[in-house]
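Colleague: Quick one: the structure is below, and I'll ask about it shortly.
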Amino acid sequence: MTATLLWFRQDLRLTDHPALQAAIARGEPVIPVFLWCPDEEGEWAPGAAARWWLHQSLGTLARDLERLGSQLVIRQGKDSLAALRKLIKDTGATAVYWSRRYEPLVVARDRHIKELLRAEGFEARSFNAALLIEPWDVQNLSGKPFQVFTPFWRRVITDLAPPAPLPAPKKPLSPAHWPSGITLEALRLMPKIHWHGGLQQTWSPGERGAAKLLDAFLDGPVKDYGDTRNLPAVSGTSRLSPHLHFGELSPRQVWHAAPKWRSSQFMTEIGWREFTHHLLYHFPRTTNEPLRGEFARFPWRDNERELAAWQRGQTGIPLVDAGMRELWETGWMHNRVRMVVASFLVKNLRMHWLHGARWFWDTLVDADLASNTLGWQWAAGCGADAAPYFRVFNPASQAEKFDPDNEYIRRWIPELGGKSAKAYPPPIVDLKVSRESALAAFKTLRGR
Ligand SMILES: Cc1cc2nc3c(=O)[nH]c(=O)nc-3n(C[C@H](O)[C@H](O)[C@H](O)COP(=O)(O)OP(=O)(O)OC[C@H]3O[C@@H](n4cnc5c(N)ncnc54)[C@H](O)[C@@H]3O)c2cc1C
């Protein structure tokens with residue numbers, strides 16, 4: 001008995017799946033597996049909202065594989081290498097194929113697995129399924145990674161020609177005997193308490209949901225994206241972020257589905273996703289440390305009560321609270337509002353950006369270590385191509401500009417418009433005073 005193990009990770013799709021196609025091309029039975037070993041990812045193992053998504057997405061993938069006469073073998077443990085060795089033993093597999101990921105602990109783990117399996121005589125191969133271009137293939141003129149987005153994207157897009165997406169396989173060869181696995185439910189990814197009704201109503205995880213959303217976006221909203229993408233009350237953006245994170249859709253598919261929009265603002269945002277992944281790969285310490293070293297000395301404040309008010313959407317600042325409530329209810333928040341709530345936390349409340357990154361990590365369905373790290377370091381002024389620290393967003397003027405009719409704010413804070421206006425709390429900080437104290441704190445950093 002011999003076989004190829006196809007190790008699914010953040011590539012939960014059948015279309016445009018180079019590792020799957022290569023596994024099939026080996027000509028031996030293909031055994032699709034999913035291994036749940038969250039301890040390996042340390043504090044950045046998937047959070048609660050992402051686990052909900054993962055459960056749905058794995059269920060969809062398993063059903064799609066069954067339609068092809070295949071299966072998804074699920075196992076869990078402390079250690080992916082041990083789980084793979086056991087599967088090799090159980091199946092007689094001679095090769096393990098997977099799609100690459102870029103998070104520091106995962107990169108180190110995968111490198112170790114590849115080396116050991118190869119040393120033991122197995123074929124271990126990884127493929128690009130998540131990016132338009134690999135981090136090691138883009139450098140500035142000094143041979144270093146780019147730290148500024150515009151020249152990075154200009155360089156990437158100049159001669160970008162990603163291969164056309166691969167079709168979904170017809171019917172992979174299956175083994176005569178399937179190895180044992182556990183049920184999806186046994187992974188206990190679903191919340192114990194029922195708080196996920198809003199997620200369920202908002203999203204359709206899985207490859208088909210992703211394709212439908214992309215089609216709908218390219219059919220209409222993409223035309224006005226440049227004008228509407230900053231208006232949180234309007235469905236002007238694609239909402240593809242969780243699908244892209246879980247690999248239910250590849251950026252290559254987006255690129256090829258939208259030939260007219262390759263130099264549009266929308267594709268530039270896909271470029272930001274590339275940029276964040278490249279940065280995380282080249283600067284792995286930034287998940288927990290500022291890219292700009294001087295920020296390690298920044299005088300952050302700690303205040304549990306204010307942090308809890310921010311998390312619950314009870315700061316008394318309408319745009320901030322609307323965003324935090326949208327996040328809690330749907331597992332997603334509009335990008336403009338992400339920038340506003342992040343600025344409020346790191347500047348007006350002057351709390352460490354990691355508090356915000358951790359809360360987002362647990363509550364976002366699109367929680368992605370590359371984009372979340374860059375997003376928070378950008379807001380705090382300590383990351384690559386970051387907003388300068390002294391540029392403090394004013395949530396009131398942001399609301400006037402981007403939610404002029406208060407439509408978004410009223411959607412998420414109904415009590416503001418109704419009789420119960422008194423139930424809405426007063427602001428926990430004065431915007432002007434807190435801005436000035438943030439700027440003063442920033443000055444002490446520069447003065448040293
Ligand atoms: C503090 C903060 C934290 C963030 N955390 C995450 C996160 O954990 N996961 C995540 O996917 N995005 C994150 N973002 C980036 C951005 O807010 C989301 O990608 C975007 O809102 C997703 O909505 P959309 O799919 O409708 O985007 P669209 O506007 O339709 O853009 C298309 C795609 O481009 C990518 N993209 C867009 N903007 C960015 C950006 N600024 N950085 C990186 N990629 C981008 C996403 O994959 C997105 O799906 C964060 C931004 C901030 C300010």
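Letters A, B, ... mark the chains of the structure tokens in the order given; residue numbers begin at 1 per chain; ligand numbers begin at 1, in order shown.
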List all protein, DNA and RNA residues that have any atom at most 8 Å from ligand 1, counting only C-alpha atoms and all ligand atoms, and write the list as an MDAnalysis selection string.
Modeller: chainID A and resid 225 229 236:245 266:276 332:342 356:357 360:361 364 366:379
Colleague: Write out as an mmCIF file with N, CA, C and O atoms, in the first residue's frame all residues of segment 72-111 of chain A that DSSP puts in strand (DSSP E) for this structure's backbone.
Modeller:
data_model
loop_
_atom_site.group_PDB
_atom_site.id
_atom_site.type_symbol
_atom_site.label_atom_id
_atom_site.label_comp_id
_atom_site.auth_asym_id
_atom_site.auth_seq_id
_atom_site.Cartn_x
_atom_site.Cartn_y
_atom_site.Cartn_z
ATOM 1 N N VAL A 73 -9.700 13.281 6.190
ATOM 2 C CA VAL A 73 -9.340 12.564 7.424
ATOM 3 C C VAL A 73 -8.886 13.600 8.449
ATOM 4 O O VAL A 73 -7.935 14.349 8.207
ATOM 5 N N ILE A 74 -9.600 13.666 9.567
ATOM 6 C CA ILE A 74 -9.286 14.679 10.583
ATOM 7 C C ILE A 74 -8.615 14.006 11.783
ATOM 8 O O ILE A 74 -9.090 12.978 12.262
ATOM 9 N N ARG A 75 -7.526 14.583 12.215
ATOM 10 C CA ARG A 75 -6.884 14.109 13.446
ATOM 11 C C ARG A 75 -6.458 15.312 14.270
ATOM 12 O O ARG A 75 -6.324 16.408 13.744
ATOM 13 N N GLN A 76 -6.228 15.097 15.560
ATOM 14 C CA GLN A 76 -5.740 16.204 16.380
ATOM 15 C C GLN A 76 -4.638 15.712 17.306
ATOM 16 O O GLN A 76 -4.483 14.503 17.503
ATOM 17 N N ALA A 93 1.983 5.859 3.166
ATOM 18 C CA ALA A 93 2.245 7.012 2.287
ATOM 19 C C ALA A 93 3.748 7.217 2.108
ATOM 20 O O ALA A 93 4.541 6.965 3.027
ATOM 21 N N THR A 94 4.112 7.702 0.912
ATOM 22 C CA THR A 94 5.529 7.966 0.647
ATOM 23 C C THR A 94 5.783 9.461 0.441
ATOM 24 O O THR A 94 6.917 9.875 0.241
ATOM 25 N N ALA A 95 4.715 10.239 0.439
ATOM 26 C CA ALA A 95 4.887 11.683 0.202
ATOM 27 C C ALA A 95 3.845 12.481 0.981
ATOM 28 O O ALA A 95 2.730 12.003 1.204
ATOM 29 N N VAL A 96 4.268 13.700 1.384
ATOM 30 C CA VAL A 96 3.339 14.632 2.036
ATOM 31 C C VAL A 96 3.442 15.968 1.298
ATOM 32 O O VAL A 96 4.541 16.518 1.156
ATOM 33 N N TYR A 97 2.306 16.474 0.823
ATOM 34 C CA TYR A 97 2.278 17.754 0.094
ATOM 35 C C TYR A 97 1.409 18.745 0.866
ATOM 36 O O TYR A 97 0.372 18.375 1.430
ATOM 37 N N TRP A 98 1.812 20.009 0.860
ATOM 38 C CA TRP A 98 0.995 21.036 1.517
ATOM 39 C C TRP A 98 1.214 22.410 0.888
ATOM 40 O O TRP A 98 2.149 22.593 0.113
ATOM 41 N N SER A 99 0.337 23.357 1.252
ATOM 42 C CA SER A 99 0.453 24.750 0.782
ATOM 43 C C SER A 99 1.128 25.569 1.874
ATOM 44 O O SER A 99 0.822 25.401 3.052
#
Colleague: Got a sec to tell me which of segment 280-431 of chain A DSSP assigns to helix (DSSP H, G or I), as a ChimeraX atom specification?
Modeller: /A:280-282,284-287,293-297,304-312,318-330,335-348,353-363,369-380,395-402,407-412,414-417,419-423,431
Colleague: Set the distance at 7 Å and use only C-alpha atoms: which residues neighbour segment 21-28 of chain A once local chain neighbours fewer than 5 positions away are removed? I'd like the list as a list in words.
Modeller: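 Within the cut-off, the hits are Thr2, Ala3, Thr4, Leu6, Tyr97, Pro172 and Leu173 of chain A.
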Colleague: Keeping N, CA and C atoms for every residue in the selection just given, could you write it to a file as a PDB file, in the first residue's frame?
Modeller:
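part_20.pdb was written with the following content:
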ATOM      1  N   THR A   2       0.547   2.183  -0.860  1.00  0.00           N
ATOM      2  CA  THR A   2       1.295   3.448  -0.873  1.00  0.00           C
ATOM      3  C   THR A   2       0.306   4.582  -1.181  1.00  0.00           C
ATOM      4  N   ALA A   3       0.667   5.799  -0.834  1.00  0.00           N
ATOM      5  CA  ALA A   3      -0.278   6.919  -1.025  1.00  0.00           C
ATOM      6  C   ALA A   3       0.462   8.247  -0.888  1.00  0.00           C
ATOM      7  N   THR A   4      -0.259   9.324  -1.225  1.00  0.00           N
ATOM      8  CA  THR A   4       0.251  10.682  -0.999  1.00  0.00           C
ATOM      9  C   THR A   4      -0.676  11.370   0.005  1.00  0.00           C
ATOM     10  N   LEU A   6      -2.220  14.641   1.414  1.00  0.00           N
ATOM     11  CA  LEU A   6      -2.423  16.048   1.067  1.00  0.00           C
ATOM     12  C   LEU A   6      -2.871  16.733   2.346  1.00  0.00           C
ATOM     13  N   TYR A  97       2.306  16.474   0.823  1.00  0.00           N
ATOM     14  CA  TYR A  97       2.278  17.754   0.094  1.00  0.00           C
ATOM     15  C   TYR A  97       1.409  18.745   0.866  1.00  0.00           C
ATOM     16  N   PRO A 172     -10.025  12.286  -7.540  1.00  0.00           N
ATOM     17  CA  PRO A 172      -8.706  11.782  -7.150  1.00  0.00           C
ATOM     18  C   PRO A 172      -8.767  10.284  -6.854  1.00  0.00           C
ATOM     19  N   LEU A 173      -7.665   9.612  -7.126  1.00  0.00           N
ATOM     20  CA  LEU A 173      -7.590   8.192  -6.812  1.00  0.00           C
ATOM     21  C   LEU A 173      -7.665   8.040  -5.286  1.00  0.00           C
TER      22      LEU A 173
END
Colleague: Give me the residues near Asp64 of chain A as a list in words, where near means some atom within 12 Å (using only C-alpha atoms) and where sequence neighbours in that chain fewer than 5 positions away do not count.
Modeller: Leu12, Arg13, Leu14, Thr15, Pro32, Ser57, Leu58, Gly59, Gly69, Ser70, Gln71, Leu72, Ala168, Pro169, Lys170, Lys171, Gly206, Glu207 and Arg208 of chain A
Colleague: Calculated over only C-alpha atoms, which of the candidates A:Gly220, A:Gly417, A:Gly226, A:Gly381 has the smallest distance to Phe298 of chain A?
Modeller: A:Gly381
Colleague: Measuring between only C-alpha atoms, which one of A:Leu189, A:Val107, A:Ala380, A:Leu116 shows the shortest distance to Ala82 of chain A?
Modeller: A:Leu116
Colleague: Would you pick out the contacts of Leu439 of chain A at 12 Å or less, using only C-alpha atoms, so that residues sharing its chain but fewer than 3 positions from it are not included, and give the list as a PyMOL selection string?
Modeller: chain A and resi 298-299+346-350+388-392+432-436+442-446
Colleague: Near Arg411 of chain A, counting only C-alpha atoms, which residues have an atom at most 12 Å away, once you skip same-chain residues fewer than 6 positions from it, shown as a list in words?
Modeller: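 Close residues of Arg411 of chain A: Pro232, Ala233, Val234, Pro318, Leu319, Asp321, Ala322, Gly323, Arg325, Glu326, Glu329, Asp403, Asp405, Gly417 and Gly418 of chain A.
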Colleague: Determine, counting only C-alpha atoms, which protein, DNA and RNA residues have an atom within 7 Å of an atom of Asp11 of chain A; residues of the same chain fewer than 4 positions away are not included. Present the result as a list of chain:residue names.
Modeller: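 Final neighbour list, sorted by chain and number: A:Ser99, A:Ala129, A:Phe246, A:Gly247, A:Glu248.
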Colleague: Suppose we keep N, CA and C atoms; can you now write the selection as a PDB file, in the first residue's frame?
Modeller:
ATOM      1  N   SER A  99       0.337  23.357   1.252  1.00  0.00           N
ATOM      2  CA  SER A  99       0.453  24.750   0.782  1.00  0.00           C
ATOM      3  C   SER A  99       1.128  25.569   1.874  1.00  0.00           C
ATOM      4  N   ALA A 129       0.013  28.699  -2.488  1.00  0.00           N
ATOM      5  CA  ALA A 129      -1.417  28.744  -2.814  1.00  0.00           C
ATOM      6  C   ALA A 129      -2.073  29.999  -2.268  1.00  0.00           C
ATOM      7  N   PHE A 246      -8.708  31.956   4.909  1.00  0.00           N
ATOM      8  CA  PHE A 246      -8.791  30.490   5.020  1.00  0.00           C
ATOM      9  C   PHE A 246      -8.482  29.785   3.696  1.00  0.00           C
ATOM     10  N   GLY A 247      -8.143  30.560   2.694  1.00  0.00           N
ATOM     11  CA  GLY A 247      -7.753  29.957   1.425  1.00  0.00           C
ATOM     12  C   GLY A 247      -8.918  29.302   0.701  1.00  0.00           C
ATOM     13  N   GLU A 248     -10.118  29.816   0.921  1.00  0.00           N
ATOM     14  CA  GLU A 248     -11.265  29.291   0.160  1.00  0.00           C
ATOM     15  C   GLU A 248     -11.273  29.899  -1.243  1.00  0.00           C
TER      16      GLU A 248
END
Colleague: Using only C-alpha atoms, which of the listed residues (A:Ala441, A:Trp300, A:Glu400, A:Ile413) sits closest to Leu231 of chain A?
Modeller: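 For Leu231 of chain A, the nearest of the candidates is A:Glu400.
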Colleague: Looking at A:Pro414, A:Pro425, A:Gly197, A:Pro251, which one is nearest to Trp52 of chain A, with distances taken over only C-alpha atoms?
Modeller: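 Looking only at the distances to Trp52 of chain A, the closest residue turns out to be A:Gly197.
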Colleague: What does the distance from atom CA of Asn140 of chain A to atom CA of Phe152 of chain A come to in Å, to one decimal?
Modeller: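 About the pair atom CA of Asn140 of chain A and atom CA of Phe152 of chain A: they are 7.7 Å apart.
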Colleague: Show me a table, sorted first by chain and then by increasing residue number, of the residues of segment 154-255 of chain A having an atom at most 12 Å from segment 35-41 of chain A, each with its shortest atom pair and the distance in Å to one decimal, counting only C-alpha atoms and written as JSON lines.
Modeller:
{"residue": "A:Gly181", "atom": "CA", "partner": "A:Leu35", "partner_atom": "CA", "distance": 10.0}
{"residue": "A:Ile182", "atom": "CA", "partner": "A:Leu35", "partner_atom": "CA", "distance": 10.3}
{"residue": "A:Thr183", "atom": "CA", "partner": "A:Trp36", "partner_atom": "CA", "distance": 11.7}
{"residue": "A:Leu184", "atom": "CA", "partner": "A:Trp36", "partner_atom": "CA", "distance": 10.1}
{"residue": "A:Ala186", "atom": "CA", "partner": "A:Trp36", "partner_atom": "CA", "distance": 10.5}
{"residue": "A:Leu187", "atom": "CA", "partner": "A:Trp36", "partner_atom": "CA", "distance": 7.4}
{"residue": "A:Arg188", "atom": "CA", "partner": "A:Trp36", "partner_atom": "CA", "distance": 10.5}
{"residue": "A:Leu189", "atom": "CA", "partner": "A:Trp36", "partner_atom": "CA", "distance": 10.0}
